[in-house]
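*Asks:* First, the structure itself, so that you have it in front of you.
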Amino acid sequence: MKHYKIAADNPNLIASEGFKEALRLLLQGELVGVPTETVYGLAADATNAHACAKIFAAKGRPQFNPLISHFASTEHARNHALFSSHAHRLADAFWPGALTLVLPRRDESAVCDLATAGLKTMALRVPSGRIMRELAREAGVPIAAPSANRSGKISATTAEAVIEELSGRLSCVLDAGEAPVGVESTIVSLTGDTPVLLRPGGLAREEIESVLGARLQHPQHVKKNAPMAPGMLSSHYAPNARVRLNASHVERGEALLAFGRRLPEGAERASVIENLSPSGELTEAAARLFQLLRKLDKANADTIAVAPIPFEGLGEAINDRLRRAAAPRRKS
Ligand code: TXA
Ligand code: MG
């Protein structure tokens, strides 16, 4: 597997060796690890069913779980899906950025059925991460990319984590260092009468609601074998260790994931301590979440005790990921 260091702010990005190689591989139907501002993606040409099939195989991902298509610009995205007035408003306000919109797909969209799991809707995002955007632009096709981790495991926020998760299962990884947001995009469905928050993520609910002038609804009816978003799988983002939430105290030998200046009672009994944000900032905590879970998991404690995290702003996404990391594991 090839591993290229790449700087997103390089004015000659498109001419750089890593970029050119990644583009060539994508157009040949190969898989490439690509940084975005949220997390690293396992990227393939969204119009190439064979390439998208490789994504599912590499991740060990249930095929009913559709992929996000990444676009170079809102104009490109509009050729593939039907934008309501709400959709226009959100795209104008937040693209490029950490927002994914689920919209009715256009019949003429060339995105393959495997990427959309055969649905009449599709998930679209224009990332602010410049490398993914420029790859989509130069390739002239949308890029399908789930988070670059094995299915059910912790998302990758660094190239090292991508390699740890998927080594031998992709052709190349572009390494731009740490993903700045650190949690996946927020997913909003605009396919029904009211906007629905399918997955809290790197863009806070409050910001979206203030642009829409309306509350985002919770998804209500979820069919058992057809999750509306990955978050609907109760166990997801799972480390090997058991995860214990809202820990007000620490048992001997537990690993501790702390937040803020005050540590839970008995913190000195922890085998290892990491702090999501010593100053109690939720954006910093989101950016470090997956990386620190990975790090604590490597310390081989049976249990990771997690301090309480507030629910406002990006706290909603952080609590969502932690709840799933703590859920009873799927047998698969
Ligand atoms: O930040 C992100 O969103 C990252 C980066 C790489 O862009 N991607 C990501 O992809 O998190 P993934 O595949 O791990 O999660 C996207 C989820 C899918 O699992 C799926 O459940 C949901 O988006 N999704 C995709 N298409 C959908 C659709 N038509 N309706 C409802 N949910 C959909
Ligand atoms: Mg994922």
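Scheme for the structure tokens: letters A, B, ... for chains in order shown; per-chain residue numbers from 1; ligand numbers from 1 in order shown.
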Would you mind listing, for every residue of chain A within 10 Å of ligand 2, the two atoms forming the shortest contact and the distance between them in Å to one decimal, using only C-alpha atoms and all ligand atoms, sorted by chain and ascending residue number, as CSV?
*Replies:*
```
residue,atom,partner,partner_atom_place_in_ligand_line,distance
A:Val39,CA,ligand 2,1 (Mg),9.1
A:Tyr40,CA,ligand 2,1 (Mg),9.8
A:Gly41,CA,ligand 2,1 (Mg),8.8
A:Leu42,CA,ligand 2,1 (Mg),9.8
A:Lys59,CA,ligand 2,1 (Mg),9.5
A:Arg61,CA,ligand 2,1 (Mg),9.6
A:Asn65,CA,ligand 2,1 (Mg),9.9
A:Leu67,CA,ligand 2,1 (Mg),9.3
A:Ala145,CA,ligand 2,1 (Mg),9.3
A:Pro146,CA,ligand 2,1 (Mg),5.6
A:Ser147,CA,ligand 2,1 (Mg),4.4
A:Ala148,CA,ligand 2,1 (Mg),7.3
A:Asn149,CA,ligand 2,1 (Mg),7.0
A:Arg150,CA,ligand 2,1 (Mg),8.4
A:Ser151,CA,ligand 2,1 (Mg),7.1
A:Gly152,CA,ligand 2,1 (Mg),7.5
A:Lys153,CA,ligand 2,1 (Mg),8.0
A:Ile154,CA,ligand 2,1 (Mg),8.0
A:Ser155,CA,ligand 2,1 (Mg),6.1
A:Ala156,CA,ligand 2,1 (Mg),9.1
A:Val183,CA,ligand 2,1 (Mg),9.6
A:Glu184,CA,ligand 2,1 (Mg),7.4
A:Ser185,CA,ligand 2,1 (Mg),9.9
A:Ala229,CA,ligand 2,1 (Mg),9.5
A:Pro230,CA,ligand 2,1 (Mg),6.7
A:Gly231,CA,ligand 2,1 (Mg),8.4
A:His236,CA,ligand 2,1 (Mg),8.2
A:Tyr237,CA,ligand 2,1 (Mg),7.7
```
*Asks:* For Ser85 in chain A, list every protein, DNA or RNA residue within 10 Å, evaluated using only C-alpha atoms, and leave out those in the same chain fewer than 5 positions away; present the list as a compact mmCIF listing (two decimals) with C-alpha atoms, in the first residue's frame.
*Replies:*
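File around-v8.txt, as written:
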```txt
# COMPACT_ATOMS: atom_id res chain seq x y z
CA LEU A 90 -28.69 24.30 4.26
CA ALA A 91 -26.30 23.81 1.34
CA LEU A 190 -35.01 16.22 3.78
CA LEU A 212 -34.02 26.28 9.00
```
*Asks:* Extract, using only C-alpha atoms, all DNA, RNA and protein residues at most 10 Å from Ala51 in chain A, discarding same-chain residues fewer than 3 positions from it, and format them as number ranges by chain.
*Replies:* A: 26-31, 43-48, 54-56, 112, 114-115, 144
*Asks:* Could you state the separation of atom 13 (O, counted along the ligand's line) of ligand 1 and CA of Ile68 in chain A in Å, given to one decimal place?
*Replies:*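 Going from atom 13 (O, counted along the ligand's line) of ligand 1 over to CA of Ile68 in chain A, I get 5.9 Å.
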*Asks:* What does the structure give for the distance between CA of Ser73 in chain A and CA of Val126 in chain A, in Å to one decimal?
*Replies:*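 One can read the CA of Ser73 in chain A to CA of Val126 in chain A distance as 5.9 Å.
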*Asks:* Quick one: DSSP helix (DSSP H, G or I) residues in range 235-299 of chain A, as a ChimeraX atom specification?
*Replies:* /A:267-269,282-298
*Asks:* Please write the residues from the selection above to a file, keeping C-alpha atoms, as a PDB file, in the first residue's frame.
*Replies:*
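Once everything was written out, this is part-v3.pdb:
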```pdb
ATOM      1  CA  ALA A 267      -9.243   8.784  39.196  1.00  0.00           C
ATOM      2  CA  GLU A 268      -5.920   7.863  40.805  1.00  0.00           C
ATOM      3  CA  ARG A 269      -6.998   4.197  40.605  1.00  0.00           C
ATOM      4  CA  LEU A 282     -16.655  20.346  23.215  1.00  0.00           C
ATOM      5  CA  THR A 283     -15.098  21.027  19.791  1.00  0.00           C
ATOM      6  CA  GLU A 284     -11.711  19.955  21.113  1.00  0.00           C
ATOM      7  CA  ALA A 285     -13.311  16.887  22.704  1.00  0.00           C
ATOM      8  CA  ALA A 286     -14.962  15.902  19.402  1.00  0.00           C
ATOM      9  CA  ALA A 287     -11.690  16.286  17.544  1.00  0.00           C
ATOM     10  CA  ARG A 288      -9.902  13.984  19.973  1.00  0.00           C
ATOM     11  CA  LEU A 289     -12.668  11.449  20.716  1.00  0.00           C
ATOM     12  CA  PHE A 290     -11.848   8.572  18.362  1.00  0.00           C
ATOM     13  CA  GLN A 291      -8.110   8.996  18.706  1.00  0.00           C
ATOM     14  CA  LEU A 292      -8.247   8.797  22.497  1.00  0.00           C
ATOM     15  CA  LEU A 293     -10.653   5.826  22.448  1.00  0.00           C
ATOM     16  CA  ARG A 294      -8.160   4.058  20.205  1.00  0.00           C
ATOM     17  CA  LYS A 295      -5.293   4.968  22.495  1.00  0.00           C
ATOM     18  CA  LEU A 296      -7.071   3.802  25.664  1.00  0.00           C
ATOM     19  CA  ASP A 297      -8.146   0.597  23.961  1.00  0.00           C
ATOM     20  CA  LYS A 298      -4.500  -0.206  23.264  1.00  0.00           C
TER      21      LYS A 298
END
```
*Asks:* With a distance cut-off of 10 Å and only C-alpha atoms, select the neighbouring residues of Ala301 in chain A, excluding the residue or stretch itself and same-chain residues fewer than 6 positions from it, and output the selection as a list in words.
*Replies:*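 The contact residues come out as Asn240, Ala241, Arg242, Gly253, Glu254, Ala255, Leu256, Ala270, Ser271 and Val272 of chain A.
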*Asks:* Those selected residues, please, written with all heavy atoms and delivered as a PDB file, in the first residue's frame.
*Replies:*
```pdb
ATOM      1  N   ASN A 240     -12.365  -2.577  21.749  1.00  0.00           N
ATOM      2  CA  ASN A 240     -12.368  -3.944  22.286  1.00  0.00           C
ATOM      3  C   ASN A 240     -12.777  -3.957  23.753  1.00  0.00           C
ATOM      4  O   ASN A 240     -13.425  -4.877  24.221  1.00  0.00           O
ATOM      5  CB  ASN A 240     -10.992  -4.588  22.117  1.00  0.00           C
ATOM      6  CG  ASN A 240     -10.680  -4.782  20.647  1.00  0.00           C
ATOM      7  OD1 ASN A 240     -11.529  -5.249  19.885  1.00  0.00           O
ATOM      8  ND2 ASN A 240      -9.494  -4.387  20.229  1.00  0.00           N
ATOM      9  N   ALA A 241     -12.365  -2.927  24.471  1.00  0.00           N
ATOM     10  CA  ALA A 241     -12.712  -2.841  25.898  1.00  0.00           C
ATOM     11  C   ALA A 241     -14.200  -2.541  26.064  1.00  0.00           C
ATOM     12  O   ALA A 241     -14.831  -1.985  25.180  1.00  0.00           O
ATOM     13  CB  ALA A 241     -11.895  -1.738  26.561  1.00  0.00           C
ATOM     14  N   ARG A 242     -14.758  -2.928  27.231  1.00  0.00           N
ATOM     15  CA  ARG A 242     -16.101  -2.530  27.593  1.00  0.00           C
ATOM     16  C   ARG A 242     -16.069  -1.019  27.864  1.00  0.00           C
ATOM     17  O   ARG A 242     -15.034  -0.497  28.306  1.00  0.00           O
ATOM     18  CB  ARG A 242     -16.473  -3.257  28.887  1.00  0.00           C
ATOM     19  CG  ARG A 242     -17.923  -3.551  29.099  1.00  0.00           C
ATOM     20  CD  ARG A 242     -18.064  -4.469  30.319  1.00  0.00           C
ATOM     21  NE  ARG A 242     -17.749  -3.742  31.558  1.00  0.00           N
ATOM     22  CZ  ARG A 242     -18.637  -3.001  32.216  1.00  0.00           C
ATOM     23  NH1 ARG A 242     -19.872  -2.854  31.779  1.00  0.00           N
ATOM     24  NH2 ARG A 242     -18.293  -2.392  33.341  1.00  0.00           N
ATOM     25  N   GLY A 253      -7.976  -0.145  38.068  1.00  0.00           N
ATOM     26  CA  GLY A 253      -7.562  -0.807  36.827  1.00  0.00           C
ATOM     27  C   GLY A 253      -8.337  -0.367  35.591  1.00  0.00           C
ATOM     28  O   GLY A 253      -7.990  -0.751  34.478  1.00  0.00           O
ATOM     29  N   GLU A 254      -9.392   0.420  35.779  1.00  0.00           N
ATOM     30  CA  GLU A 254     -10.100   0.912  34.592  1.00  0.00           C
ATOM     31  C   GLU A 254      -9.260   1.973  33.884  1.00  0.00           C
ATOM     32  O   GLU A 254      -8.491   2.697  34.528  1.00  0.00           O
ATOM     33  CB  GLU A 254     -11.447   1.540  34.989  1.00  0.00           C
ATOM     34  CG  GLU A 254     -12.511   0.529  35.341  1.00  0.00           C
ATOM     35  CD  GLU A 254     -13.858   1.190  35.645  1.00  0.00           C
ATOM     36  OE1 GLU A 254     -13.863   2.331  36.160  1.00  0.00           O
ATOM     37  OE2 GLU A 254     -14.881   0.572  35.381  1.00  0.00           O
ATOM     38  N   ALA A 255      -9.445   2.066  32.567  1.00  0.00           N
ATOM     39  CA  ALA A 255      -8.883   3.201  31.838  1.00  0.00           C
ATOM     40  C   ALA A 255      -9.897   4.341  31.954  1.00  0.00           C
ATOM     41  O   ALA A 255     -11.096   4.094  31.946  1.00  0.00           O
ATOM     42  CB  ALA A 255      -8.667   2.827  30.376  1.00  0.00           C
ATOM     43  N   LEU A 256      -9.420   5.574  32.066  1.00  0.00           N
ATOM     44  CA  LEU A 256     -10.342   6.704  32.250  1.00  0.00           C
ATOM     45  C   LEU A 256     -10.282   7.661  31.071  1.00  0.00           C
ATOM     46  O   LEU A 256      -9.204   8.135  30.696  1.00  0.00           O
ATOM     47  CB  LEU A 256      -9.995   7.460  33.544  1.00  0.00           C
ATOM     48  CG  LEU A 256     -10.743   8.793  33.750  1.00  0.00           C
ATOM     49  CD1 LEU A 256     -12.255   8.575  33.839  1.00  0.00           C
ATOM     50  CD2 LEU A 256     -10.225   9.502  35.009  1.00  0.00           C
ATOM     51  N   ALA A 270      -7.135   4.717  38.210  1.00  0.00           N
ATOM     52  CA  ALA A 270      -7.168   4.361  36.775  1.00  0.00           C
ATOM     53  C   ALA A 270      -5.805   3.834  36.336  1.00  0.00           C
ATOM     54  O   ALA A 270      -4.766   4.298  36.824  1.00  0.00           O
ATOM     55  CB  ALA A 270      -7.549   5.586  35.953  1.00  0.00           C
ATOM     56  N   SER A 271      -5.819   2.869  35.406  1.00  0.00           N
ATOM     57  CA  SER A 271      -4.547   2.344  34.902  1.00  0.00           C
ATOM     58  C   SER A 271      -3.937   3.344  33.930  1.00  0.00           C
ATOM     59  O   SER A 271      -2.725   3.402  33.759  1.00  0.00           O
ATOM     60  CB  SER A 271      -4.762   1.005  34.212  1.00  0.00           C
ATOM     61  OG  SER A 271      -5.685   1.152  33.161  1.00  0.00           O
ATOM     62  N   VAL A 272      -4.786   4.151  33.292  1.00  0.00           N
ATOM     63  CA  VAL A 272      -4.315   5.154  32.347  1.00  0.00           C
ATOM     64  C   VAL A 272      -5.412   6.209  32.209  1.00  0.00           C
ATOM     65  O   VAL A 272      -6.600   5.894  32.313  1.00  0.00           O
ATOM     66  CB  VAL A 272      -3.942   4.495  30.981  1.00  0.00           C
ATOM     67  CG1 VAL A 272      -4.981   3.479  30.560  1.00  0.00           C
ATOM     68  CG2 VAL A 272      -3.765   5.517  29.866  1.00  0.00           C
TER      69      VAL A 272
END
```
*Asks:* Determine which residues of range 163-305 of chain A DSSP labels as strand (DSSP E) from the backbone of this structure, then write them out as a list of chain:residue names.
*Replies:* A:Cys172, A:Val173, A:Leu174, A:Asp175, A:Thr186, A:Ile187, A:Val188, A:Ser189, A:Val196, A:Leu197, A:Leu198, A:Arg199, A:Arg242, A:Val243, A:Arg244, A:Ala255, A:Leu256, A:Leu257, A:Ala258, A:Val272, A:Ile273, A:Glu274, A:Asn275, A:Thr303, A:Ile304, A:Ala305
*Asks:* Next, dump the selected residues to file, keeping only N, CA, C and O atoms, as a compact mmCIF listing (two decimals), in the first residue's frame.
*Replies:*
```txt
# COMPACT_ATOMS: atom_id res chain seq x y z
N CYS A 172 -3.90 2.84 -1.38
CA CYS A 172 -3.13 4.05 -1.13
C CYS A 172 -3.82 4.85 -0.03
O CYS A 172 -5.04 4.79 0.10
N VAL A 173 -3.03 5.54 0.77
CA VAL A 173 -3.62 6.47 1.73
C VAL A 173 -2.92 7.81 1.63
O VAL A 173 -1.69 7.88 1.51
N LEU A 174 -3.72 8.87 1.59
CA LEU A 174 -3.19 10.23 1.59
C LEU A 174 -3.20 10.72 3.04
O LEU A 174 -4.23 10.66 3.71
N ASP A 175 -2.06 11.18 3.50
CA ASP A 175 -1.88 11.50 4.91
C ASP A 175 -1.74 13.00 5.11
O ASP A 175 -0.71 13.60 4.81
N THR A 186 -22.77 15.58 10.34
CA THR A 186 -24.16 15.52 10.77
C THR A 186 -25.01 15.15 9.56
O THR A 186 -24.81 15.70 8.48
N ILE A 187 -25.93 14.19 9.72
CA ILE A 187 -26.77 13.77 8.59
C ILE A 187 -28.21 14.24 8.81
O ILE A 187 -28.83 13.91 9.82
N VAL A 188 -28.71 15.02 7.85
CA VAL A 188 -30.09 15.53 7.90
C VAL A 188 -30.84 14.98 6.69
O VAL A 188 -30.37 15.09 5.55
N SER A 189 -31.99 14.37 6.94
CA SER A 189 -32.83 13.90 5.84
C SER A 189 -33.89 14.93 5.53
O SER A 189 -34.60 15.40 6.42
N VAL A 196 -35.27 15.78 9.32
CA VAL A 196 -34.99 14.79 10.36
C VAL A 196 -33.48 14.72 10.59
O VAL A 196 -32.70 14.68 9.64
N LEU A 197 -33.09 14.70 11.85
CA LEU A 197 -31.67 14.51 12.19
C LEU A 197 -31.40 13.01 12.27
O LEU A 197 -31.77 12.35 13.23
N LEU A 198 -30.74 12.46 11.22
CA LEU A 198 -30.47 11.02 11.22
C LEU A 198 -29.25 10.68 12.06
O LEU A 198 -29.18 9.61 12.64
N ARG A 199 -28.28 11.57 12.06
CA ARG A 199 -27.07 11.32 12.85
C ARG A 199 -26.50 12.65 13.32
O ARG A 199 -26.18 13.50 12.50
N ARG A 242 -14.76 -2.93 27.23
CA ARG A 242 -16.10 -2.53 27.59
C ARG A 242 -16.07 -1.02 27.86
O ARG A 242 -15.03 -0.50 28.31
N VAL A 243 -17.17 -0.34 27.60
CA VAL A 243 -17.20 1.11 27.83
C VAL A 243 -18.28 1.42 28.87
O VAL A 243 -19.41 0.96 28.75
N ARG A 244 -17.90 2.14 29.91
CA ARG A 244 -18.84 2.50 30.99
C ARG A 244 -19.02 4.00 31.00
O ARG A 244 -18.05 4.75 31.17
N ALA A 255 -9.44 2.07 32.57
CA ALA A 255 -8.88 3.20 31.84
C ALA A 255 -9.90 4.34 31.95
O ALA A 255 -11.10 4.09 31.95
N LEU A 256 -9.42 5.57 32.07
CA LEU A 256 -10.34 6.70 32.25
C LEU A 256 -10.28 7.66 31.07
O LEU A 256 -9.20 8.14 30.70
N LEU A 257 -11.45 7.94 30.50
CA LEU A 257 -11.56 9.00 29.50
C LEU A 257 -12.24 10.17 30.20
O LEU A 257 -13.43 10.13 30.51
N ALA A 258 -11.44 11.20 30.51
CA ALA A 258 -11.93 12.32 31.32
C ALA A 258 -12.38 13.46 30.41
O ALA A 258 -12.13 13.47 29.20
N VAL A 272 -4.79 4.15 33.29
CA VAL A 272 -4.31 5.15 32.35
C VAL A 272 -5.41 6.21 32.21
O VAL A 272 -6.60 5.89 32.31
N ILE A 273 -5.02 7.45 32.03
CA ILE A 273 -6.00 8.54 31.91
C ILE A 273 -5.72 9.34 30.65
O ILE A 273 -4.57 9.70 30.37
N GLU A 274 -6.78 9.61 29.87
CA GLU A 274 -6.68 10.59 28.79
C GLU A 274 -7.80 11.58 29.01
O GLU A 274 -8.87 11.22 29.48
N ASN A 275 -7.57 12.84 28.65
CA ASN A 275 -8.60 13.86 28.83
C ASN A 275 -9.02 14.42 27.47
O ASN A 275 -8.19 14.90 26.69
N THR A 303 -12.06 -2.31 30.95
CA THR A 303 -13.14 -1.31 30.87
C THR A 303 -12.56 0.09 30.71
O THR A 303 -11.57 0.43 31.34
N ILE A 304 -13.23 0.87 29.85
CA ILE A 304 -12.92 2.29 29.74
C ILE A 304 -14.06 3.05 30.44
O ILE A 304 -15.22 2.95 30.02
N ALA A 305 -13.74 3.75 31.52
CA ALA A 305 -14.74 4.56 32.21
C ALA A 305 -14.72 5.94 31.57
O ALA A 305 -13.67 6.53 31.36
```
*Asks:* Would you mind telling me which residue in A:Asn79, A:Thr38, A:Ser109, A:Ser128 lies nearest to ligand 1 when using only C-alpha atoms and all ligand atoms?
*Replies:*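 Closest candidate: A:Thr38.
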*Asks:* My list of candidates is A:Leu25, A:Val306, A:Ala214, A:Arg205. Which is closest to Val250 in chain A when distances are computed with only C-alpha atoms?
*Replies:*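 Among A:Leu25, A:Val306, A:Ala214, A:Arg205, it is A:Val306 that comes nearest to Val250 in chain A.
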*Asks:* Compile the contact shell of Phe94 in chain A as a PyMOL selection string: residues with an atom at most 12 Å away, counting only C-alpha atoms, same-chain residues fewer than 6 positions apart removed.
*Replies:* chain A and resi 73-74+87-88+100-101+125-128+185-186+202-204+207-208+210-212
*Asks:* Would you mind exporting the chosen residues as a CSV table (one decimal), in the first residue's frame, restricted to all heavy atoms?
*Replies:*
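Heads up, here's the output in part-v2.csv:
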```csv
chain,number,residue,atom,x,y,z
A,73,SER,N,-18.7,20.5,-5.5
A,73,SER,CA,-19.4,21.8,-5.3
A,73,SER,C,-20.9,21.5,-5.2
A,73,SER,O,-21.3,20.4,-5.6
A,73,SER,CB,-19.2,22.7,-6.4
A,73,SER,OG,-19.8,22.2,-7.6
A,74,THR,N,-21.6,22.4,-4.7
A,74,THR,CA,-23.1,22.3,-4.6
A,74,THR,C,-23.7,22.1,-6.0
A,74,THR,O,-24.6,21.4,-6.3
A,74,THR,CB,-23.7,23.5,-4.0
A,74,THR,OG1,-23.1,23.7,-2.7
A,74,THR,CG2,-25.2,23.4,-3.8
A,87,ALA,N,-33.3,22.3,1.5
A,87,ALA,CA,-32.0,21.8,1.0
A,87,ALA,C,-31.1,22.9,0.5
A,87,ALA,O,-29.9,23.0,0.9
A,87,ALA,CB,-32.1,20.7,0.0
A,88,HIS,N,-31.6,23.8,-0.3
A,88,HIS,CA,-30.9,24.9,-0.8
A,88,HIS,C,-30.3,25.8,0.3
A,88,HIS,O,-29.2,26.2,0.3
A,88,HIS,CB,-31.7,25.8,-1.7
A,88,HIS,CG,-31.9,25.2,-3.1
A,88,HIS,ND1,-30.8,25.0,-3.9
A,88,HIS,CD2,-33.0,24.8,-3.8
A,88,HIS,CE1,-31.2,24.5,-5.1
A,88,HIS,NE2,-32.5,24.4,-5.0
A,100,THR,N,-24.2,16.3,5.9
A,100,THR,CA,-24.6,15.4,4.8
A,100,THR,C,-26.1,15.6,4.7
A,100,THR,O,-26.8,15.5,5.7
A,100,THR,CB,-24.2,14.0,5.1
A,100,THR,OG1,-22.8,13.9,5.1
A,100,THR,CG2,-24.8,13.0,4.1
A,101,LEU,N,-26.6,15.8,3.5
A,101,LEU,CA,-28.0,15.9,3.2
A,101,LEU,C,-28.5,14.6,2.5
A,101,LEU,O,-27.9,14.1,1.6
A,101,LEU,CB,-28.3,17.1,2.3
A,101,LEU,CG,-28.0,18.4,2.9
A,101,LEU,CD1,-28.3,19.5,1.8
A,101,LEU,CD2,-28.8,18.7,4.1
A,125,ARG,N,-22.6,15.1,0.2
A,125,ARG,CA,-21.9,16.1,1.0
A,125,ARG,C,-20.8,16.8,0.2
A,125,ARG,O,-20.2,16.1,-0.7
A,125,ARG,CB,-21.2,15.3,2.2
A,125,ARG,CG,-20.3,16.2,3.1
A,125,ARG,CD,-20.1,15.6,4.4
A,125,ARG,NE,-18.8,14.9,4.6
A,125,ARG,CZ,-17.7,15.6,5.0
A,125,ARG,NH1,-17.7,16.8,5.3
A,125,ARG,NH2,-16.6,14.9,5.2
A,126,VAL,N,-20.7,18.1,0.4
A,126,VAL,CA,-19.5,18.8,-0.2
A,126,VAL,C,-18.6,19.1,1.0
A,126,VAL,O,-18.9,19.9,1.8
A,126,VAL,CB,-20.0,20.1,-0.9
A,126,VAL,CG1,-18.7,20.9,-1.4
A,126,VAL,CG2,-20.9,19.8,-2.0
A,127,PRO,N,-17.5,18.3,1.1
A,127,PRO,CA,-16.7,18.5,2.3
A,127,PRO,C,-15.8,19.8,2.2
A,127,PRO,O,-15.5,20.2,1.1
A,127,PRO,CB,-15.8,17.3,2.2
A,127,PRO,CG,-15.7,16.9,0.8
A,127,PRO,CD,-17.0,17.3,0.2
A,128,SER,N,-15.5,20.3,3.4
A,128,SER,CA,-14.6,21.5,3.3
A,128,SER,C,-13.1,20.9,3.2
A,128,SER,O,-12.2,21.7,2.8
A,128,SER,CB,-14.7,22.4,4.6
A,128,SER,OG,-14.3,21.7,5.7
A,185,SER,N,-19.8,13.7,9.8
A,185,SER,CA,-20.7,14.7,9.5
A,185,SER,C,-22.1,14.5,10.1
A,185,SER,O,-22.4,13.4,10.4
A,185,SER,CB,-20.9,14.8,8.0
A,185,SER,OG,-21.4,13.6,7.4
A,186,THR,N,-22.8,15.6,10.3
A,186,THR,CA,-24.2,15.5,10.8
A,186,THR,C,-25.0,15.1,9.6
A,186,THR,O,-24.8,15.7,8.5
A,186,THR,CB,-24.6,16.9,11.3
A,186,THR,OG1,-23.7,17.3,12.4
A,186,THR,CG2,-26.0,16.9,11.7
A,202,GLY,N,-20.5,16.5,13.3
A,202,GLY,CA,-19.6,17.6,13.4
A,202,GLY,C,-20.2,19.0,13.2
A,202,GLY,O,-19.5,20.0,13.5
A,203,LEU,N,-21.4,19.1,12.8
A,203,LEU,CA,-22.1,20.4,12.7
A,203,LEU,C,-23.2,20.3,13.8
A,203,LEU,O,-24.1,19.4,13.7
A,203,LEU,CB,-22.7,20.7,11.3
A,203,LEU,CG,-23.5,21.9,11.1
A,203,LEU,CD1,-22.6,23.2,11.3
A,203,LEU,CD2,-24.1,22.0,9.8
A,204,ALA,N,-23.2,21.3,14.7
A,204,ALA,CA,-24.2,21.2,15.8
A,204,ALA,C,-25.6,21.4,15.3
A,204,ALA,O,-25.9,22.2,14.5
A,204,ALA,CB,-23.8,22.2,16.9
A,207,GLU,N,-27.1,25.0,15.1
A,207,GLU,CA,-26.8,25.8,14.0
A,207,GLU,C,-27.7,25.5,12.8
A,207,GLU,O,-28.1,26.4,12.1
A,207,GLU,CB,-25.3,25.5,13.5
A,207,GLU,CG,-24.3,26.0,14.5
A,207,GLU,CD,-22.9,26.2,13.8
A,207,GLU,OE1,-22.9,26.8,12.7
A,207,GLU,OE2,-22.0,25.6,14.3
A,208,ILE,N,-28.0,24.2,12.6
A,208,ILE,CA,-28.9,23.8,11.5
A,208,ILE,C,-30.3,24.4,11.8
A,208,ILE,O,-30.9,24.9,10.9
A,208,ILE,CB,-28.9,22.3,11.4
A,208,ILE,CG1,-27.4,21.8,11.1
A,208,ILE,CG2,-29.9,21.8,10.3
A,208,ILE,CD1,-27.3,20.3,11.2
A,210,SER,N,-31.2,26.9,13.5
A,210,SER,CA,-31.3,28.3,13.4
A,210,SER,C,-31.4,28.7,11.9
A,210,SER,O,-32.1,29.7,11.6
A,210,SER,CB,-30.2,29.0,14.2
A,210,SER,OG,-29.1,29.2,13.4
A,211,VAL,N,-30.8,28.0,11.0
A,211,VAL,CA,-30.9,28.4,9.6
A,211,VAL,C,-32.2,27.9,9.0
A,211,VAL,O,-32.9,28.6,8.2
A,211,VAL,CB,-29.7,27.7,8.8
A,211,VAL,CG1,-30.0,27.8,7.3
A,211,VAL,CG2,-28.4,28.4,9.1
A,212,LEU,N,-32.7,26.8,9.5
A,212,LEU,CA,-34.0,26.3,9.0
A,212,LEU,C,-35.2,27.0,9.6
A,212,LEU,O,-36.3,27.1,9.1
A,212,LEU,CB,-34.2,24.8,9.3
A,212,LEU,CG,-33.4,23.8,8.5
A,212,LEU,CD1,-33.6,22.4,9.0
A,212,LEU,CD2,-33.7,23.9,7.0
```
*Asks:* Nearest to Ala159 in chain A: which of A:Thr121, A:Asn246, A:Ser84, A:Thr36 is it, counting only C-alpha atoms?
*Replies:*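 Residue with the minimum atom-to-atom distance to Ala159 in chain A: A:Thr36.
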